[in-house]
Amino acid sequence: MDLMLKGRKVLITGASQGIGEGLAEVFAEEGADLRLVARRVDRMEVLAERLRATFGVDVVVAGADLTHPDAAAGIVECVGDVDILVNNAGAIPAGDLWRVDAEAWRRGWDVKVMGYIDMTRIYYARMKAQGHGVILNNIGNGGENFDARYIAGSTGNAALMAFTRAIGGVSLDDNIRVIGVNPGPVATDRILKVLRMRAKEQFGDEDRHGELVAGYPLGRVAEVREIADLFAFLASPRSGYTSGTIITVDGGITSRRSIGG
């Protein structure tokens, strides 16, 4: 299926690793030109060189710290207008209300919650002026599965779900689509760290994290590619009537919990 993304400019935050790196790969395969943003410029430069050589796409790399209040404006100045914005930066720390202190809570929200909001605010206005655009928010199913062991993340993700629905519900009036994706556990370094922490809490041995994975649907977590492919489809004209909604990709974990299974 041709997703009709060739030549589109796609801005991806948090593009130096994990899902962000996978997103860059998939959009490059579709022929999109990339604007990659993260703090780790060195890692993005290696990724950019590979994607240019493999797919012949234009890739611009920009270093930015989204905790800075002027970060969004700086990104615009560096990379200019885009057709598609993928808000992906940030990982809110795991832990309960007492383990995640106020400083860590605010730092996590500054990147992911306020970072998404700031980027949407500035790029929505520019997309409206150019007459089209797509904004995709990588959120996480913690916003649907309230977890005291992930209190800052559950609360932040729920806020981003509400933000996405509120903006996306009216955005087609401006020919802009705003959509959220809620991945469950995905095969990244971050989820391995979380699983090790929970295995240590539950079994007293972090090396038993594989036992937790065995309890997930199909006995595994999602692959990065399974998430990134969905983003590419949602960003494309093939999904042109999709806005103001959240799509959950977690093997049915959320639905299973909702019926008490």
# chains A, B, ... in the order shown; residues from 1 in each chain; ligands from 1

$ closest_atom_pairs --of "segment 41-124 of chain A" --to "segment 160-166 of chain A" --cutoff "12 Å" --atoms "only C-alpha atoms" --output "JSON lines"
{"residue": "A:Asn87", "atom": "CA", "partner": "A:Leu160", "partner_atom": "CA", "distance": 10.9}
{"residue": "A:Asn88", "atom": "CA", "partner": "A:Leu160", "partner_atom": "CA", "distance": 11.9}
{"residue": "A:Trp109", "atom": "CA", "partner": "A:Leu160", "partner_atom": "CA", "distance": 10.4}
{"residue": "A:Lys112", "atom": "CA", "partner": "A:Leu160", "partner_atom": "CA", "distance": 8.9}
{"residue": "A:Val113", "atom": "CA", "partner": "A:Leu160", "partner_atom": "CA", "distance": 6.5}
{"residue": "A:Met114", "atom": "CA", "partner": "A:Leu160", "partner_atom": "CA", "distance": 9.2}
{"residue": "A:Gly115", "atom": "CA", "partner": "A:Leu160", "partner_atom": "CA", "distance": 10.6}
{"residue": "A:Tyr116", "atom": "CA", "partner": "A:Leu160", "partner_atom": "CA", "distance": 8.1}
{"residue": "A:Ile117", "atom": "CA", "partner": "A:Phe163", "partner_atom": "CA", "distance": 8.1}
{"residue": "A:Asp118", "atom": "CA", "partner": "A:Phe163", "partner_atom": "CA", "distance": 11.8}
{"residue": "A:Thr120", "atom": "CA", "partner": "A:Thr164", "partner_atom": "CA", "distance": 9.7}
{"residue": "A:Arg121", "atom": "CA", "partner": "A:Phe163", "partner_atom": "CA", "distance": 11.3}

$ closest_atom_pairs --of "segment 1-51 of chain A" --to "segment 122-132 of chain A" --cutoff "12 Å" --atoms "only C-alpha atoms" --output "JSON lines"
{"residue": "A:Arg8", "atom": "CA", "partner": "A:His132", "partner_atom": "CA", "distance": 11.6}
{"residue": "A:Lys9", "atom": "CA", "partner": "A:Met127", "partner_atom": "CA", "distance": 11.9}
{"residue": "A:Val10", "atom": "CA", "partner": "A:Tyr123", "partner_atom": "CA", "distance": 11.9}
{"residue": "A:Leu11", "atom": "CA", "partner": "A:Tyr123", "partner_atom": "CA", "distance": 10.2}

$ write_last_selection --atoms "C-alpha atoms" --output "mmCIF file, in the first residue's frame"
data_model
loop_
_atom_site.group_PDB
_atom_site.id
_atom_site.type_symbol
_atom_site.label_atom_id
_atom_site.label_comp_id
_atom_site.auth_asym_id
_atom_site.auth_seq_id
_atom_site.Cartn_x
_atom_site.Cartn_y
_atom_site.Cartn_z
ATOM 1 C CA ARG A 8 6.312 14.980 3.205
ATOM 2 C CA LYS A 9 8.276 16.668 5.975
ATOM 3 C CA VAL A 10 8.022 14.762 9.249
ATOM 4 C CA LEU A 11 9.287 16.131 12.562
#

$ residues_around --residues "Val59 of chain A" --least-positions-apart "5" --cutoff "10 Å" --atoms "only C-alpha atoms" --output "number ranges by chain"
A: 9-11, 24, 28, 32-36, 44-45, 47-49, 51-52

$ atom_distance --atom1 "atom CA of Glu103 of chain A" --atom2 "atom CA of Asp65 of chain A"
16.6 Å

$ residues_around --residues "Glu144 of chain A" --least-positions-apart "4" --cutoff "9 Å" --atoms "only C-alpha atoms" --output "VMD selection string"
chain A and resid 140 154 157 to 158 161 182 254

$ write_last_selection --atoms "N, CA and C atoms" --output "mmCIF file, in the first residue's frame"
data_model
loop_
_atom_site.group_PDB
_atom_site.id
_atom_site.type_symbol
_atom_site.label_atom_id
_atom_site.label_comp_id
_atom_site.auth_asym_id
_atom_site.auth_seq_id
_atom_site.Cartn_x
_atom_site.Cartn_y
_atom_site.Cartn_z
ATOM 1 N N GLY A 140 0.741 6.390 25.623
ATOM 2 C CA GLY A 140 1.013 5.201 26.425
ATOM 3 C C GLY A 140 -0.227 4.741 27.176
ATOM 4 N N SER A 154 0.968 7.562 34.719
ATOM 5 C CA SER A 154 -0.468 7.355 34.518
ATOM 6 C C SER A 154 -1.206 8.690 34.470
ATOM 7 N N ASN A 157 -0.089 10.712 31.246
ATOM 8 C CA ASN A 157 -0.651 10.138 30.023
ATOM 9 C C ASN A 157 -2.153 10.389 29.917
ATOM 10 N N ALA A 158 -2.850 10.307 31.054
ATOM 11 C CA ALA A 158 -4.287 10.607 31.039
ATOM 12 C C ALA A 158 -4.526 12.055 30.626
ATOM 13 N N MET A 161 -4.052 12.283 26.894
ATOM 14 C CA MET A 161 -5.200 11.717 26.195
ATOM 15 C C MET A 161 -6.324 12.750 26.099
ATOM 16 N N ASN A 182 -1.590 4.914 22.073
ATOM 17 C CA ASN A 182 -1.251 4.395 23.395
ATOM 18 C C ASN A 182 -0.600 3.019 23.271
ATOM 19 N N THR A 254 -5.507 -3.535 27.951
ATOM 20 C CA THR A 254 -6.482 -2.584 28.491
ATOM 21 C C THR A 254 -7.887 -3.160 28.456
#

$ closest_residue --among "A:Leu136, A:Leu97, A:Met119, A:Val181" --to "Ile151 of chain A" --atoms "only C-alpha atoms"
A:Leu97

$ closest_residue --among "A:Gly184, A:Pro217, A:Pro237, A:Gly204" --to "Val249 of chain A" --atoms "only C-alpha atoms"
A:Gly184

$ residues_around --residues "Asn145 of chain A" --least-positions-apart "3" --cutoff "9 Å" --atoms "only C-alpha atoms" --output "list in words"
Asn141, Gly142, Ser154, Ile253, Thr254, Arg257 and Ser258 of chain A

$ write_last_selection --atoms "N, CA and C atoms" --output "short mmCIF file (atom, residue, chain, number, x, y, z; two decimals), in the first residue's frame"
data_model
loop_
_atom_site.label_atom_id
_atom_site.label_comp_id
_atom_site.auth_asym_id
_atom_site.auth_seq_id
_atom_site.Cartn_x
_atom_site.Cartn_y
_atom_site.Cartn_z
N ASN A 141 -0.39 3.41 27.26
CA ASN A 141 -1.62 2.89 27.83
C ASN A 141 -1.71 3.04 29.35
N GLY A 142 -0.65 3.58 29.97
CA GLY A 142 -0.74 3.91 31.39
C GLY A 142 -1.81 4.95 31.67
N SER A 154 0.97 7.56 34.72
CA SER A 154 -0.47 7.36 34.52
C SER A 154 -1.21 8.69 34.47
N ILE A 253 -4.40 -5.73 26.50
CA ILE A 253 -4.22 -5.59 27.95
C ILE A 253 -5.29 -4.68 28.56
N THR A 254 -5.51 -3.53 27.95
CA THR A 254 -6.48 -2.58 28.49
C THR A 254 -7.89 -3.16 28.46
N ARG A 257 -8.38 -5.86 31.15
CA ARG A 257 -8.55 -5.30 32.50
C ARG A 257 -9.93 -4.69 32.67
N SER A 258 -10.47 -4.12 31.60
CA SER A 258 -11.76 -3.44 31.71
C SER A 258 -12.90 -4.42 31.96
#

$ closest_residue --among "A:Arg149, A:Asp207, A:Ser16, A:Ile92" --to "Trp105 of chain A" --atoms "only C-alpha atoms"
A:Ile92

$ residues_around --residues "Ile227 of chain A" --least-positions-apart "2" --cutoff "10 Å" --atoms "only C-alpha atoms" --output "VMD selection string"
chain A and resid 19 22 to 23 138 181 to 184 186 222 to 225 229 to 232 248 to 250

$ write_last_selection --atoms "C-alpha atoms" --output "compact mmCIF listing (two decimals), in the first residue's frame"
# COMPACT_ATOMS: atom_id res chain seq x y z
CA ILE A 19 10.31 4.13 19.31
CA GLY A 22 11.85 3.19 14.74
CA LEU A 23 9.54 5.98 13.61
CA ASN A 138 2.83 8.94 21.39
CA VAL A 181 -1.40 6.34 20.14
CA ASN A 182 -1.25 4.40 23.39
CA PRO A 183 1.36 1.66 23.15
CA GLY A 184 1.56 -0.90 25.90
CA VAL A 186 7.33 -2.15 23.78
CA ALA A 222 5.20 -5.30 21.23
CA GLU A 223 7.95 -4.79 18.68
CA VAL A 224 8.94 -1.22 17.85
CA ARG A 225 8.03 -1.83 14.23
CA ASP A 229 3.97 1.19 11.19
CA LEU A 230 0.72 2.34 12.80
CA PHE A 231 2.05 5.88 13.16
CA ALA A 232 2.95 5.99 9.48
CA THR A 248 -4.38 1.60 21.92
CA VAL A 249 -1.83 -1.02 20.85
CA ASP A 250 -1.21 -3.34 23.78

$ select_by_dssp --residues "segment 61-209 of chain A" --states "helix (DSSP H, G or I)" --output "PyMOL selection string"
chain A and resi 71-79+102-111+113-130+141-143+151-168+171-174+189-203+206-209

$ write_last_selection --atoms "C-alpha atoms" --output "PDB file, in the first residue's frame"
ATOM      1  CA  ALA A  71      12.673  24.809  23.111  1.00  0.00           C
ATOM      2  CA  ALA A  72       9.683  24.652  20.745  1.00  0.00           C
ATOM      3  CA  ALA A  73      10.453  28.065  19.280  1.00  0.00           C
ATOM      4  CA  GLY A  74      14.065  27.040  18.815  1.00  0.00           C
ATOM      5  CA  ILE A  75      13.039  23.890  16.975  1.00  0.00           C
ATOM      6  CA  VAL A  76      10.864  25.888  14.585  1.00  0.00           C
ATOM      7  CA  GLU A  77      13.736  28.249  13.915  1.00  0.00           C
ATOM      8  CA  CYS A  78      16.017  25.319  13.142  1.00  0.00           C
ATOM      9  CA  VAL A  79      13.793  23.043  11.042  1.00  0.00           C
ATOM     10  CA  ALA A 102       8.339  16.499  43.190  1.00  0.00           C
ATOM     11  CA  GLU A 103      11.477  17.343  41.218  1.00  0.00           C
ATOM     12  CA  ALA A 104      11.444  14.079  39.225  1.00  0.00           C
ATOM     13  CA  TRP A 105       7.677  14.396  38.637  1.00  0.00           C
ATOM     14  CA  ARG A 106       8.022  17.937  37.265  1.00  0.00           C
ATOM     15  CA  ARG A 107      11.048  17.068  35.150  1.00  0.00           C
ATOM     16  CA  GLY A 108       9.202  14.159  33.522  1.00  0.00           C
ATOM     17  CA  TRP A 109       6.126  16.286  32.860  1.00  0.00           C
ATOM     18  CA  ASP A 110       8.189  19.173  31.497  1.00  0.00           C
ATOM     19  CA  VAL A 111       9.479  16.944  28.710  1.00  0.00           C
ATOM     20  CA  VAL A 113       3.323  16.600  28.988  1.00  0.00           C
ATOM     21  CA  MET A 114       4.328  20.247  28.607  1.00  0.00           C
ATOM     22  CA  GLY A 115       6.696  19.368  25.762  1.00  0.00           C
ATOM     23  CA  TYR A 116       3.827  17.873  23.736  1.00  0.00           C
ATOM     24  CA  ILE A 117       1.595  20.818  24.556  1.00  0.00           C
ATOM     25  CA  ASP A 118       4.231  23.410  23.637  1.00  0.00           C
ATOM     26  CA  MET A 119       5.081  21.686  20.352  1.00  0.00           C
ATOM     27  CA  THR A 120       1.405  21.331  19.460  1.00  0.00           C
ATOM     28  CA  ARG A 121       0.669  24.961  20.287  1.00  0.00           C
ATOM     29  CA  ILE A 122       3.393  26.325  18.023  1.00  0.00           C
ATOM     30  CA  TYR A 123       3.055  23.838  15.151  1.00  0.00           C
ATOM     31  CA  TYR A 124      -0.747  23.789  15.080  1.00  0.00           C
ATOM     32  CA  ALA A 125      -0.713  27.525  14.362  1.00  0.00           C
ATOM     33  CA  ARG A 126       1.818  27.061  11.566  1.00  0.00           C
ATOM     34  CA  MET A 127      -0.092  24.130  10.079  1.00  0.00           C
ATOM     35  CA  LYS A 128      -3.287  26.173  10.128  1.00  0.00           C
ATOM     36  CA  ALA A 129      -1.491  28.933   8.223  1.00  0.00           C
ATOM     37  CA  GLN A 130      -0.214  26.482   5.615  1.00  0.00           C
ATOM     38  CA  ASN A 141      -1.624   2.886  27.831  1.00  0.00           C
ATOM     39  CA  GLY A 142      -0.744   3.909  31.391  1.00  0.00           C
ATOM     40  CA  GLY A 143      -3.231   6.721  30.829  1.00  0.00           C
ATOM     41  CA  ILE A 151       1.661   7.387  39.315  1.00  0.00           C
ATOM     42  CA  ALA A 152       3.370  10.263  37.482  1.00  0.00           C
ATOM     43  CA  GLY A 153       3.137   8.480  34.134  1.00  0.00           C
ATOM     44  CA  SER A 154      -0.468   7.355  34.518  1.00  0.00           C
ATOM     45  CA  THR A 155      -1.518  10.879  35.457  1.00  0.00           C
ATOM     46  CA  GLY A 156       0.522  12.544  32.709  1.00  0.00           C
ATOM     47  CA  ASN A 157      -0.651  10.138  30.023  1.00  0.00           C
ATOM     48  CA  ALA A 158      -4.287  10.607  31.039  1.00  0.00           C
ATOM     49  CA  ALA A 159      -3.788  14.357  30.699  1.00  0.00           C
ATOM     50  CA  LEU A 160      -2.298  13.943  27.226  1.00  0.00           C
ATOM     51  CA  MET A 161      -5.200  11.717  26.195  1.00  0.00           C
ATOM     52  CA  ALA A 162      -7.642  14.451  27.205  1.00  0.00           C
ATOM     53  CA  PHE A 163      -5.514  17.087  25.458  1.00  0.00           C
ATOM     54  CA  THR A 164      -5.392  15.046  22.240  1.00  0.00           C
ATOM     55  CA  ARG A 165      -9.126  14.420  22.163  1.00  0.00           C
ATOM     56  CA  ALA A 166      -9.941  18.039  22.976  1.00  0.00           C
ATOM     57  CA  ILE A 167      -7.735  19.477  20.212  1.00  0.00           C
ATOM     58  CA  GLY A 168      -8.376  16.692  17.719  1.00  0.00           C
ATOM     59  CA  SER A 171      -8.932  20.340  14.428  1.00  0.00           C
ATOM     60  CA  LEU A 172     -10.400  19.134  11.134  1.00  0.00           C
ATOM     61  CA  ASP A 173     -12.105  22.541  10.960  1.00  0.00           C
ATOM     62  CA  ASP A 174      -8.563  23.764  10.206  1.00  0.00           C
ATOM     63  CA  ASP A 189      15.668  -0.311  26.768  1.00  0.00           C
ATOM     64  CA  ARG A 190      13.196   1.664  28.853  1.00  0.00           C
ATOM     65  CA  ILE A 191      10.687  -1.160  29.248  1.00  0.00           C
ATOM     66  CA  LEU A 192      13.491  -3.564  30.151  1.00  0.00           C
ATOM     67  CA  LYS A 193      14.487  -1.201  32.955  1.00  0.00           C
ATOM     68  CA  VAL A 194      10.894  -0.997  34.204  1.00  0.00           C
ATOM     69  CA  LEU A 195      10.448  -4.777  34.065  1.00  0.00           C
ATOM     70  CA  ARG A 196      13.668  -5.332  35.977  1.00  0.00           C
ATOM     71  CA  MET A 197      12.506  -2.907  38.666  1.00  0.00           C
ATOM     72  CA  ARG A 198       9.137  -4.644  38.997  1.00  0.00           C
ATOM     73  CA  ALA A 199      10.732  -8.095  39.064  1.00  0.00           C
ATOM     74  CA  LYS A 200      12.940  -6.960  41.910  1.00  0.00           C
ATOM     75  CA  GLU A 201       9.889  -5.662  43.792  1.00  0.00           C
ATOM     76  CA  GLN A 202       7.817  -8.796  43.146  1.00  0.00           C
ATOM     77  CA  PHE A 203      10.419 -11.572  43.275  1.00  0.00           C
ATOM     78  CA  GLU A 206      15.497  -8.311  38.740  1.00  0.00           C
ATOM     79  CA  ASP A 207      16.765 -11.096  36.474  1.00  0.00           C
ATOM     80  CA  ARG A 208      13.336 -12.763  36.708  1.00  0.00           C
ATOM     81  CA  HIS A 209      11.790 -10.050  34.518  1.00  0.00           C
TER      82      HIS A 209
END

$ atom_distance --atom1 "atom CA of Ala187 of chain A" --atom2 "atom CA of Val221 of chain A"
6.0 Å

$ closest_residue --among "A:Ile12, A:Val86, A:Val60, A:Ile176" --to "Ile139 of chain A" --atoms "only C-alpha atoms"
A:Val86

$ atom_distance --atom1 "atom CA of Ala38 of chain A" --atom2 "atom CA of Leu66 of chain A"
8.4 Å

$ closest_residue --among "A:Leu5, A:Arg50, A:Ala148, A:Pro93" --to "Ser239 of chain A" --atoms "only C-alpha atoms"
A:Leu5

$ select_by_dssp --residues "segment 84-122 of chain A" --states "strand (DSSP E or B)" --output "PyMOL selection string"
chain A and resi 84-87+95
